[in-house]
file query_19.txt (compact mmCIF, C-alpha atoms)
# COMPACT_ATOMS: atom_id res chain seq x y z
CA MET L 87 114.93 76.63 106.40
CA LEU L 88 111.91 77.60 108.45
CA LYS L 89 111.97 77.38 112.21
CA SER L 90 109.51 75.26 114.16
CA ARG L 91 107.06 77.69 115.72
CA ILE L 92 105.60 77.91 119.23
CA ILE L 93 102.21 79.61 119.28
CA PRO L 94 100.42 80.41 122.53
CA CYS L 95 96.67 80.52 122.08
CA LEU L 96 94.32 82.82 123.91
CA ASP L 97 90.65 81.79 124.00
CA VAL L 98 88.88 85.07 124.61
CA ASN L 99 85.39 85.50 126.01
CA ASP L 100 84.05 89.03 126.52
CA GLY L 101 87.50 90.61 126.76
CA ARG L 102 89.04 87.98 129.07
CA VAL L 103 91.21 84.96 128.37
CA VAL L 104 89.52 81.71 129.32
CA LYS L 105 90.40 78.06 128.96
CA GLY L 106 88.22 75.01 129.05
CA VAL L 107 88.51 71.27 128.75
CA LYS L 108 87.02 69.72 125.61
CA PHE L 109 85.68 73.19 124.78
CA GLN L 110 83.61 73.27 128.03
CA ASN L 111 83.92 74.64 131.58
CA LEU L 112 85.57 77.95 130.76
CA ARG L 113 87.68 79.45 133.52
CA ASP L 114 89.35 82.85 133.70
CA ALA L 115 93.05 83.03 132.77
CA GLY L 116 93.80 86.73 132.42
CA ASP L 117 93.95 89.88 130.33
CA PRO L 118 94.57 89.26 126.60
CA VAL L 119 96.83 92.30 126.08
CA GLU L 120 99.02 91.58 129.10
CA LEU L 121 99.31 87.89 128.21
CA SER L 122 100.13 88.66 124.57
CA ILE L 123 103.02 90.93 125.48
CA HIS L 124 104.20 88.51 128.13
CA TYR L 125 104.34 85.68 125.56
CA GLU L 126 106.11 87.79 122.93
CA GLN L 127 108.74 88.71 125.49
CA GLN L 128 109.17 85.04 126.35
CA GLY L 129 109.89 84.29 122.69
CA ALA L 130 106.53 83.23 121.24
CA ASP L 131 106.74 83.13 117.44
CA GLU L 132 103.12 84.06 116.81
CA LEU L 133 99.93 84.45 118.73
CA VAL L 134 96.47 83.03 118.10
CA ILE L 135 93.37 84.61 119.58
CA LEU L 136 90.17 82.60 119.36
CA ASP L 137 86.87 84.31 120.03
CA VAL L 138 84.81 81.82 122.01
CA THR L 139 81.88 84.16 122.59
CA ALA L 140 78.53 83.83 120.94
CA THR L 141 76.76 87.15 121.11
CA ARG L 142 77.04 90.07 118.75
CA GLN L 143 77.85 92.51 121.54
CA GLU L 144 80.77 90.41 122.70
CA ARG L 145 81.98 90.23 119.09
CA ILE L 146 82.33 94.00 119.07
CA ALA L 147 84.37 93.74 122.27
CA MET L 148 86.57 91.27 120.38
CA LEU L 149 87.49 93.89 117.76
CA GLU L 150 88.64 96.16 120.57
CA THR L 151 90.70 93.36 122.07
CA VAL L 152 92.39 92.78 118.70
CA GLU L 153 93.11 96.50 118.33
CA ASN L 154 94.61 96.68 121.81
CA VAL L 155 96.74 93.59 121.33
CA ARG L 156 97.96 94.82 117.92
CA LYS L 157 99.14 98.13 119.36
CA ARG L 158 101.69 96.30 121.46
CA LEU L 159 102.40 93.05 119.62
CA GLY L 160 105.38 92.80 117.23
CA ILE L 161 104.81 89.21 116.02
CA PRO L 162 102.11 87.78 113.74
CA LEU L 163 98.59 87.67 115.12
CA THR L 164 95.96 85.19 113.94
CA VAL L 165 92.37 85.72 114.98
CA GLY L 166 89.59 83.17 114.64
CA GLY L 167 86.21 82.19 115.99
CA GLY L 168 82.77 83.16 114.79
CA ILE L 169 83.79 84.36 111.35
CA GLY L 170 80.75 83.84 109.15
CA ALA L 171 81.47 85.98 106.13
CA ILE L 172 84.25 87.80 104.34
CA GLU L 173 83.21 91.10 105.96
CA ASP L 174 83.97 89.62 109.41
CA ALA L 175 87.46 88.73 108.21
CA SER L 176 87.91 92.20 106.76
CA ARG L 177 86.92 93.85 110.07
CA LEU L 178 89.42 91.73 112.01
CA LEU L 179 92.22 92.54 109.55
CA ASN L 180 91.38 96.23 109.85
CA ALA L 181 91.51 95.89 113.62
CA GLY L 182 95.08 94.56 113.32
CA ALA L 183 94.99 90.80 112.74
CA ASP L 184 97.60 89.51 110.27
CA LYS L 185 95.78 86.28 109.53
CA VAL L 186 92.19 85.17 109.96
CA SER L 187 91.17 81.65 110.82
CA ILE L 188 87.85 80.28 109.59
CA ASN L 189 86.18 77.10 110.76
CA SER L 190 82.41 76.32 110.73
CA ALA L 191 81.66 78.93 108.07
CA ALA L 192 84.16 77.31 105.70
CA VAL L 193 82.51 73.91 106.18
CA ARG L 194 79.08 75.45 105.48
CA ASN L 195 80.40 77.44 102.54
CA PRO L 196 83.77 76.24 101.21
CA GLU L 197 83.78 79.08 98.66
CA LEU L 198 84.62 81.38 101.56
CA ILE L 199 88.18 79.99 101.45
CA ASP L 200 88.52 80.90 97.77
CA GLU L 201 87.09 84.37 98.39
CA MET L 202 89.36 85.10 101.34
CA SER L 203 92.44 83.83 99.55
CA ALA L 204 91.67 85.89 96.44
CA ARG L 205 90.98 89.04 98.42
CA PHE L 206 93.54 88.91 101.22
CA GLY L 207 96.04 86.29 100.01
CA ALA L 208 96.82 82.71 101.02
CA GLN L 209 99.28 83.91 103.69
CA CYS L 210 96.34 85.46 105.51
CA THR L 211 93.85 82.59 105.13
CA VAL L 212 93.98 79.98 107.88
CA VAL L 213 91.50 77.10 107.90
CA ALA L 214 90.87 75.73 111.39
CA ILE L 215 89.75 72.11 111.55
CA ASP L 216 88.38 70.52 114.72
CA ALA L 217 88.15 66.76 114.47
CA LYS L 218 87.86 63.54 116.44
CA MET L 219 88.25 59.89 115.69
CA THR L 220 84.89 58.30 114.80
CA ASP L 221 84.58 54.84 113.24
CA GLY L 222 88.09 54.86 111.86
CA ILE L 223 88.07 58.32 110.32
CA PHE L 224 88.93 61.76 111.65
CA GLN L 225 85.52 63.36 111.61
CA VAL L 226 85.24 67.13 111.30
CA LEU L 227 83.29 68.92 114.04
CA THR L 228 81.86 72.42 113.81
CA ARG L 229 80.21 74.92 116.16
CA SER L 230 82.78 74.50 118.91
CA GLY L 231 82.67 70.74 118.64
CA THR L 232 78.90 70.38 119.04
CA ASN L 233 78.12 69.48 115.44
CA ALA L 234 79.49 66.34 113.75
CA GLU L 235 79.89 66.78 109.99
CA GLN L 236 79.94 64.07 107.34
CA LEU L 237 83.42 65.19 106.46
CA ASP L 238 86.86 63.57 106.79
CA ALA L 239 89.46 65.95 108.22
CA VAL L 240 92.20 64.72 105.86
CA GLN L 241 90.08 65.27 102.76
CA TRP L 242 88.91 68.60 104.10
CA ALA L 243 92.49 69.79 104.65
CA VAL L 244 93.37 68.82 101.08
CA GLU L 245 90.32 70.66 99.76
CA ALA L 246 91.18 73.74 101.83
CA GLN L 247 94.64 73.75 100.27
CA GLN L 248 93.20 73.46 96.75
CA ARG L 249 90.87 76.35 97.48
CA GLY L 250 93.73 78.63 98.49
CA ALA L 251 94.24 78.30 102.25
CA GLY L 252 97.76 79.12 103.42
CA GLU L 253 97.80 77.25 106.71
CA ILE L 254 95.81 74.61 108.63
CA LEU L 255 95.10 74.87 112.35
CA LEU L 256 94.33 71.29 113.34
CA THR L 257 92.69 70.76 116.71
CA SER L 258 91.98 67.37 118.21
CA PHE L 259 88.67 67.44 120.07
CA ASP L 260 89.63 64.24 121.85
CA ARG L 261 92.79 65.82 123.21
CA ASP L 262 91.78 69.46 123.76
CA GLY L 263 92.58 70.51 127.32
CA THR L 264 93.35 66.94 128.41
CA ARG L 265 97.14 67.37 128.58
CA SER L 266 97.65 63.90 127.14
CA GLY L 267 99.69 64.99 124.11
CA TYR L 268 98.81 65.96 120.55
CA ASP L 269 96.80 63.56 118.40
CA LEU L 270 99.75 62.15 116.45
CA PRO L 271 97.83 59.76 114.15
CA MET L 272 95.59 62.63 113.06
CA LEU L 273 98.58 64.92 112.55
CA SER L 274 100.39 62.31 110.46
CA ALA L 275 97.31 61.56 108.39
CA VAL L 276 96.79 65.23 107.55
CA THR L 277 100.43 66.20 106.93
CA LYS L 278 100.91 63.21 104.60
CA GLN L 279 98.14 64.40 102.29
CA CYS L 280 98.16 68.15 102.73
CA THR L 281 101.41 70.03 102.12
CA LEU L 282 100.38 73.28 103.82
CA PRO L 283 101.98 74.24 107.11
CA VAL L 284 99.95 72.54 109.84
CA ILE L 285 99.66 73.94 113.35
CA ALA L 286 99.03 71.11 115.83
CA SER L 287 96.58 71.93 118.58
CA GLY L 288 94.96 70.22 121.53
CA GLY L 289 96.57 68.22 124.31
CA ALA L 290 100.01 69.74 124.91
CA ASP L 291 101.43 69.25 128.38
CA SER L 292 105.16 68.94 127.86
CA VAL L 293 108.11 69.62 125.59
CA ALA L 294 108.12 65.91 124.77
CA HIS L 295 104.61 66.28 123.33
CA MET L 296 105.82 69.15 121.15
CA VAL L 297 108.83 67.20 119.93
CA GLU L 298 106.49 64.36 118.94
CA ALA L 299 104.25 66.78 117.06
CA PHE L 300 107.18 68.23 115.09
CA GLU L 301 108.38 64.71 114.32
CA HIS L 302 104.90 63.91 112.99
CA GLY L 303 104.91 66.76 110.49
CA ALA L 304 103.69 69.80 112.45
CA HIS L 305 105.22 73.15 111.46
CA ALA L 306 104.00 74.81 114.59
CA VAL L 307 102.45 73.83 117.88
CA LEU L 308 99.67 75.64 119.63
CA ALA L 309 99.44 75.54 123.40
CA ALA L 310 97.30 77.29 125.98
CA SER L 311 96.95 75.70 129.43
CA ILE L 312 100.62 74.75 129.65
CA PHE L 313 101.59 78.42 129.38
CA HIS L 314 98.61 80.13 131.08
CA ASP L 315 99.01 78.10 134.24
CA GLY L 316 102.60 79.25 134.57
CA ASN L 317 103.97 75.70 134.83
CA THR L 318 106.50 76.59 132.18
CA THR L 319 107.39 79.47 129.85
CA VAL L 320 107.83 79.76 126.10
CA GLU L 321 111.50 80.53 126.74
CA VAL L 322 112.09 77.32 128.70
CA VAL L 323 110.15 75.28 126.14
CA LYS L 324 112.19 76.67 123.23
CA LYS L 325 115.46 76.06 125.03
CA GLU L 326 114.51 72.44 125.67
CA LEU L 327 113.31 71.97 122.09
CA ALA L 328 116.63 73.31 120.80
CA GLU L 329 118.49 70.86 123.06
CA GLN L 330 116.46 68.06 121.47
CA GLY L 331 117.44 69.09 117.98
CA ILE L 332 114.31 71.04 116.98
CA GLU L 333 115.24 74.26 115.18
CA VAL L 334 113.51 77.16 116.86
CA ARG L 335 113.84 80.93 116.58
CA LYS L 336 116.37 82.29 119.03
CA THR L 337 115.31 85.26 121.03
CA GLY L 338 117.71 87.55 122.75
CA GLN L 339 119.22 91.00 122.76
CA VAL L 340 119.42 92.95 119.50
CA ARG L 341 121.86 95.82 119.14
CA CYS L 342 120.60 99.20 117.96
CA LEU L 343 122.48 101.42 115.54
CA GLU L 344 124.42 104.11 117.40
CA MET D 47 106.50 112.17 109.23
CA ILE D 48 106.75 108.77 107.57
CA GLN D 49 104.57 108.60 104.45
CA ILE D 50 103.10 105.10 104.05
CA ILE D 51 102.03 104.65 100.45
CA ASN D 52 98.51 103.26 100.24
CA THR D 53 98.49 100.70 97.47
CA GLY D 54 95.00 99.62 98.49
CA VAL D 55 94.87 95.97 99.41
CA ALA D 56 97.74 95.86 101.88
CA ASN D 57 96.95 95.20 105.53
CA ILE D 58 99.23 97.71 107.21
CA ARG D 59 97.96 97.91 110.79
CA SER D 60 100.99 96.00 112.07
CA LEU D 61 103.33 98.43 110.35
CA GLN D 62 101.51 101.45 111.74
CA ALA D 63 101.55 99.91 115.22
CA ALA D 64 105.31 99.31 114.92
CA PHE D 65 105.94 102.98 114.05
CA ASP D 66 103.64 104.03 116.91
CA ARG D 67 105.74 101.97 119.31
CA LEU D 68 108.84 103.75 118.02
CA GLY D 69 107.12 107.11 118.58
CA GLN D 70 107.35 107.90 114.86
CA PRO D 71 104.43 109.79 113.33
CA TRP D 72 103.15 108.34 110.07
CA ASN D 73 100.57 109.21 107.48
CA LEU D 74 98.79 106.96 105.01
CA THR D 75 98.93 108.65 101.63
CA GLU D 76 97.94 108.37 97.99
CA ASP D 77 99.11 111.91 97.21
CA PRO D 78 101.93 112.02 94.58
CA GLU D 79 103.23 115.32 95.97
CA GLN D 80 103.53 113.97 99.54
CA ILE D 81 105.19 110.83 98.22
CA ALA D 82 107.66 112.83 96.10
CA SER D 83 108.67 115.22 98.87
CA ALA D 84 108.74 112.85 101.88
CA HIS D 85 112.10 112.28 103.52
CA LEU D 86 110.87 108.88 104.76
CA ALA D 87 108.45 106.77 102.75
CA VAL D 88 107.34 103.16 102.95
CA LEU D 89 106.10 101.02 100.08
CA PRO D 90 104.31 98.23 101.92
CA GLY D 91 103.20 95.17 100.15
CA VAL D 92 100.68 92.51 100.74
CA GLY D 93 98.60 91.17 97.91
CA ALA D 94 99.15 90.51 94.25
CA PHE D 95 101.94 91.91 92.05
CA ALA D 96 99.59 92.93 89.21
CA ALA D 97 97.18 94.70 91.57
CA ALA D 98 100.02 96.64 93.19
CA VAL D 99 101.44 97.68 89.78
CA GLU D 100 97.99 98.82 88.74
CA SER D 101 97.66 100.81 91.93
CA ILE D 102 101.03 102.55 91.37
CA ASP D 103 99.94 103.58 87.88
CA ARG D 104 96.48 104.63 89.03
CA LEU D 105 98.04 106.91 91.65
CA GLY D 106 100.44 108.21 88.98
CA ILE D 107 103.52 107.63 91.13
CA ARG D 108 105.60 105.34 88.90
CA GLN D 109 108.18 107.98 87.93
CA ILE D 110 108.09 109.53 91.41
CA MET D 111 108.96 106.15 92.94
CA VAL D 112 111.74 105.48 90.42
CA ASP D 113 113.23 108.92 91.16
CA ARG D 114 112.97 108.38 94.94
CA LEU D 115 114.59 104.97 94.74
CA LYS D 116 117.55 106.44 92.84
CA ASP D 117 117.93 109.50 95.06
CA PRO D 118 120.30 108.83 97.95
CA GLY D 119 118.94 111.92 99.71
CA THR D 120 115.57 110.35 100.48
CA LYS D 121 114.85 107.14 102.37
CA THR D 122 112.43 104.53 101.11
CA LEU D 123 111.60 101.24 102.81
CA CYS D 124 110.02 98.58 100.58
CA ILE D 125 108.44 95.61 102.36
CA CYS D 126 107.59 92.14 101.01
CA LEU D 127 105.74 92.71 97.71
CA GLY D 128 107.16 96.25 97.93
CA MET D 129 110.62 94.74 97.40
CA GLN D 130 109.42 92.64 94.46
CA LEU D 131 108.01 95.78 92.82
CA LEU D 132 111.59 97.04 92.42
CA GLY D 133 112.15 94.32 89.80
CA GLU D 134 111.38 94.59 86.11
CA ALA D 135 108.65 91.97 86.27
CA SER D 136 107.44 88.94 88.21
CA GLU D 137 106.53 85.42 87.19
CA GLU D 138 103.37 86.02 89.22
CA ALA D 139 102.02 88.34 86.49
CA PRO D 140 104.40 88.39 83.51
CA GLU D 141 102.52 91.16 81.70
CA ALA D 142 102.73 93.66 84.59
CA ALA D 143 105.74 96.02 84.57
CA GLY D 144 107.56 96.51 87.86
CA LEU D 145 109.45 99.70 88.69
CA GLY D 146 112.56 98.25 87.05
CA VAL D 147 115.03 99.83 89.48
CA VAL D 148 116.49 96.35 89.90
CA PRO D 149 117.14 94.71 86.51
CA ARG D 150 115.81 91.31 87.55
CA VAL D 151 112.68 89.23 87.16
CA ILE D 152 111.10 87.98 90.40
CA THR D 153 110.59 84.21 90.34
CA ARG D 154 108.54 81.66 92.24
CA PHE D 155 110.07 79.30 94.80
CA GLN D 156 110.82 75.81 93.51
CA ASP D 157 108.18 73.13 94.02
CA GLU D 158 110.40 71.16 96.41
CA VAL D 159 109.55 73.62 99.17
CA GLN D 160 106.16 74.59 100.55
CA VAL D 161 104.76 77.67 98.89
CA PRO D 162 104.04 80.19 100.33
CA GLN D 163 107.05 80.35 102.61
CA LEU D 164 105.24 81.07 105.86
CA GLY D 165 107.19 81.48 109.05
CA TRP D 166 110.52 82.49 110.56
CA ASN D 167 113.76 82.15 108.63
CA GLN D 168 117.37 83.25 109.10
CA VAL D 169 118.55 86.45 107.35
CA ASN D 170 122.30 86.79 106.77
CA PRO D 171 123.73 90.11 105.52
CA GLN D 172 126.45 89.59 102.90
CA SER D 173 127.55 93.24 102.80
CA GLU D 174 127.90 96.15 105.20
CA GLY D 175 124.37 97.20 106.07
CA ILE D 176 122.08 98.53 108.75
CA PHE D 177 121.04 95.31 110.42
CA GLU D 178 122.70 92.28 111.91
CA ALA D 179 121.99 88.66 111.09
CA GLY D 180 118.76 87.52 112.67
CA GLU D 181 115.48 85.71 112.21
CA ALA D 182 112.60 87.31 110.35
CA TYR D 183 108.96 86.53 109.57
CA PHE D 184 108.28 85.74 105.90
CA ALA D 185 105.03 85.25 103.96
CA ASN D 186 105.91 85.00 100.28
CA SER D 187 105.68 82.76 97.23
CA TYR D 188 108.02 84.75 94.95
CA ARG D 189 111.52 86.07 95.53
CA LEU D 190 114.58 87.77 94.08
CA LEU D 191 117.11 85.06 93.25
CA GLU D 192 120.28 87.02 92.41
CA PRO D 193 121.50 90.22 94.04
CA PRO D 194 121.66 93.23 91.69
CA GLN D 195 125.08 94.80 91.10
CA GLY D 196 125.87 97.84 93.17
CA TRP D 197 123.48 96.95 96.00
CA GLY D 198 124.22 95.57 99.45
CA TYR D 199 122.22 92.44 100.18
CA ALA D 200 121.24 89.72 102.65
CA GLU D 201 120.62 86.05 101.92
CA THR D 202 118.14 83.51 103.23
CA ASP D 203 117.91 79.80 102.52
CA TYR D 204 114.60 78.30 101.47
CA GLY D 205 115.17 75.35 99.15
CA GLY D 206 118.32 77.23 98.08
CA LYS D 207 119.55 80.73 98.70
CA PHE D 208 117.54 83.79 97.72
CA VAL D 209 117.94 87.51 98.30
CA SER D 210 115.93 88.49 101.37
CA SER D 211 117.00 92.15 101.51
CA ILE D 212 118.79 94.72 99.35
CA TRP D 213 119.94 98.28 100.06
CA ARG D 214 121.50 101.14 98.15
CA GLY D 215 121.63 104.87 98.86
CA GLY D 216 118.51 105.61 100.88
CA THR D 217 116.60 102.55 99.74
CA LEU D 218 116.13 99.47 101.92
CA ALA D 219 114.00 96.60 100.63
CA CYS D 220 113.05 93.56 102.72
CA GLN D 221 111.30 90.43 101.53
CA PHE D 222 110.40 89.70 105.16
CA HIS D 223 108.12 91.72 107.43
CA PRO D 224 110.21 93.71 109.93
CA GLU D 225 106.99 94.86 111.60
CA LEU D 226 106.19 91.23 112.48
CA SER D 227 109.73 90.14 113.28
CA GLY D 228 109.73 90.83 117.01
CA GLN D 229 112.52 92.82 118.65
CA TRP D 230 114.91 92.17 115.76
CA GLY D 231 112.45 93.67 113.28
CA GLN D 232 111.63 96.61 115.53
CA THR D 233 115.35 97.37 115.79
CA LEU D 234 115.68 97.19 112.00
CA LEU D 235 112.88 99.76 111.61
CA GLN D 236 114.51 102.01 114.18
CA ASN D 237 117.86 101.71 112.41
CA TRP D 238 116.25 102.58 109.07
CA ILE D 239 114.74 105.74 110.55
CA ARG D 240 118.12 106.77 112.01
CA TRP D 241 120.11 105.63 108.98
CA GLU D 242 122.44 108.25 107.47
CA GLN D 243 124.66 107.40 104.52

call {"tool": "encode", "arguments": {"input": "query_19.txt", "output": "structure tokens"}}
result
Amino acid sequence: MLKSRIIPCLDVNDGRVVKGVKFQNLRDAGDPVELSIHYEQQGADELVILDVTATRQERIAMLETVENVRKRLGIPLTVGGGIGAIEDASRLLNAGADKVSINSAAVRNPELIDEMSARFGAQCTVVAIDAKMTDGIFQVLTRSGTNAEQLDAVQWAVEAQQRGAGEILLTSFDRDGTRSGYDLPMLSAVTKQCTLPVIASGGADSVAHMVEAFEHGAHAVLAASIFHDGNTTVEVVKKELAEQGIEVRKTGQVRCLE
Amino acid sequence: MIQIINTGVANIRSLQAAFDRLGQPWNLTEDPEQIASAHLAVLPGVGAFAAAVESIDRLGIRQIMVDRLKDPGTKTLCICLGMQLLGEASEEAPEAAGLGVVPRVITRFQDEVQVPQLGWNQVNPQSEGIFEAGEAYFANSYRLLEPPQGWGYAETDYGGKFVSSIWRGGTLACQFHPELSGQWGQTLLQNWIRWEQ
């Protein structure tokens, strides 16, 4: 059966990795190519790069970043952020992304999910959902958390699946960057209704948080600060997860043919 | 020079990058002559079965591919949908004719498991081959259920066992993506390039 995946996430602004708290206060955390390789060597199962820039010029820089990361990365690469139309997705795939994650544009125009799935396949179509608890429901937020939508995250995940998404990247706005653990009620609510693989995001600070997320239905966990700050490594995290009974991909030496 | 067959819709940047890292020159081709004469060729596959079949017929390489896949003197690597194309047909598009080198119909995973299979799974060779057991990255909804006679094969479990790789003569077909399977996958690609029967 499938292994539980560990996915480091790089928020990239103008060619540099940054990380904020609740999507604000970005601070520099390094070179995206160097970090990508570093995480693959540590045993990361995939990598997510999110473009957190706003300007067109910086978007072009993003394509270069994706190309440079792809040259050296031997694991799946998902790229998201600022994708407004199918042409944007196509450009990122041509630059070397394996999957493209869409967020605000899919809320504005849900047909985009159908189009992407038909053209590139479900395996390539990731729908990213940012949400927070508001009046008893998990309310979807768009535009980097600045815009509250009249949309329930659970229903939206189900709709995304029906429209042909292959994976859901579920970020808790309440937990993002706070290091207080993943939003387990939200994760449970979504994974009970939506049978796609769900990547839990926002709030990771420890292996215990990751174990909880897997126990609440996550197929993969996304983490940024915990790895960027060097407090721990993917290798250590996977070893500890394995000790706690979570099945992860083993990484080690592979013998070449003589 | 590795000839990568351009079936159109496939996203093959990762594959090209993997060959670059191995220092292996490659060329993306639609030319039947290049495909027929190449010592090393790759049939990549992302996308839909019917579209890929249509593309093979549009390029006029159906017989060339069948001949290659039966010729132990040439080496062909078929990836993901590329492996499924070896079958006679697929449940994905019952009217589309596969290459038929493997006398099997490709079937969809059972409903008890999440479809598509998306992620890392264990690959266990059941015969002498060119790679060791390891974990590989999969992204597929359909699969080969029974190994064909006369081929070496590897198994993977996803709601029951299926055939995740087959090999015979110079042909190696993988349901998983070696180019996305980390160091294990990179080693598999290197072994395929060096492989001598």

call {"tool": "interface_residues", "arguments": {"input": "query_19.txt", "of": "chain D", "to": "chain L", "cutoff": "7 Å", "atoms": "only C-alpha atoms", "output": "count of residues only"}}
result
24

call {"tool": "atom_distance", "arguments": {"input": "query_19.txt", "atom1": "atom CA of D:Glu137", "atom2": "atom CA of D:Tyr188"}}
result
7.9 Å

call {"tool": "closest_residue", "arguments": {"input": "query_19.txt", "among": "L:Ser258, L:Gln248, L:Thr164, L:Thr232", "to": "L:Leu136", "atoms": "all atoms listed in the file"}}
result
L:Thr164

call {"tool": "closest_residue", "arguments": {"input": "query_19.txt", "among": "D:Gln236, D:Val161, D:Met47, D:Ser101", "to": "D:Pro71", "atoms": "all atoms listed in the file"}}
result
D:Met47

call {"tool": "residues_near_point", "arguments": {"input": "query_19.txt", "point": "(84.6, 59.4, 109.9)", "cutoff": "10 Å", "atoms": "all atoms listed in the file", "output": "ChimeraX atom specification"}}
result
/L:217-226,234-239

call {"tool": "axis_aligned_box", "arguments": {"input": "query_19.txt", "around": "stretch 64-82 of chain D", "padding_each_side": "6 Å", "output": "lines of an AutoDock Vina configuration file"}}
result
center_x = 103.4
center_y = 107.3
center_z = 106.9
size_x = 22.9
size_y = 28.0
size_z = 36.7

call {"tool": "atom_distance", "arguments": {"input": "query_19.txt", "atom1": "atom CA of D:Val169", "atom2": "atom CA of D:Thr202"}}
result
5.1 Å

call {"tool": "build_atoms", "arguments": {"input": "query_19.txt", "residues": "stretch 106-120 of chain D", "atoms": "N, CA and C atoms", "output": "CSV table (one decimal), keeping the file's coordinate frame"}}
result
chain,number,residue,atom,x,y,z
D,106,GLY,N,99.5,107.4,89.8
D,106,GLY,CA,100.4,108.2,89.0
D,106,GLY,C,101.8,108.5,89.7
D,107,ILE,N,102.3,107.4,90.4
D,107,ILE,CA,103.5,107.6,91.1
D,107,ILE,C,104.7,106.8,90.6
D,108,ARG,N,104.5,106.2,89.4
D,108,ARG,CA,105.6,105.3,88.9
D,108,ARG,C,106.9,106.1,88.8
D,109,GLN,N,106.9,107.2,88.1
D,109,GLN,CA,108.2,108.0,87.9
D,109,GLN,C,108.7,108.6,89.3
D,110,ILE,N,107.7,109.0,90.1
D,110,ILE,CA,108.1,109.5,91.4
D,110,ILE,C,108.8,108.5,92.2
D,111,MET,N,108.3,107.2,92.2
D,111,MET,CA,109.0,106.2,92.9
D,111,MET,C,110.3,105.8,92.4
D,112,VAL,N,110.4,105.8,91.0
D,112,VAL,CA,111.7,105.5,90.4
D,112,VAL,C,112.7,106.6,90.8
D,113,ASP,N,112.3,107.8,90.8
D,113,ASP,CA,113.2,108.9,91.2
D,113,ASP,C,113.6,108.8,92.6
D,114,ARG,N,112.7,108.5,93.5
D,114,ARG,CA,113.0,108.4,94.9
D,114,ARG,C,114.0,107.3,95.2
D,115,LEU,N,113.8,106.1,94.5
D,115,LEU,CA,114.6,105.0,94.7
D,115,LEU,C,116.0,105.2,94.2
D,116,LYS,N,116.2,106.1,93.4
D,116,LYS,CA,117.6,106.4,92.8
D,116,LYS,C,118.2,107.6,93.6
D,117,ASP,N,117.4,108.3,94.4
D,117,ASP,CA,117.9,109.5,95.1
D,117,ASP,C,118.5,109.1,96.4
D,118,PRO,N,119.8,109.2,96.7
D,118,PRO,CA,120.3,108.8,98.0
D,118,PRO,C,119.9,109.8,99.1
D,119,GLY,N,119.3,110.9,98.7
D,119,GLY,CA,118.9,111.9,99.7
D,119,GLY,C,117.6,111.6,100.4
D,120,THR,N,116.8,110.7,99.8
D,120,THR,CA,115.6,110.4,100.5
D,120,THR,C,115.6,108.9,100.9
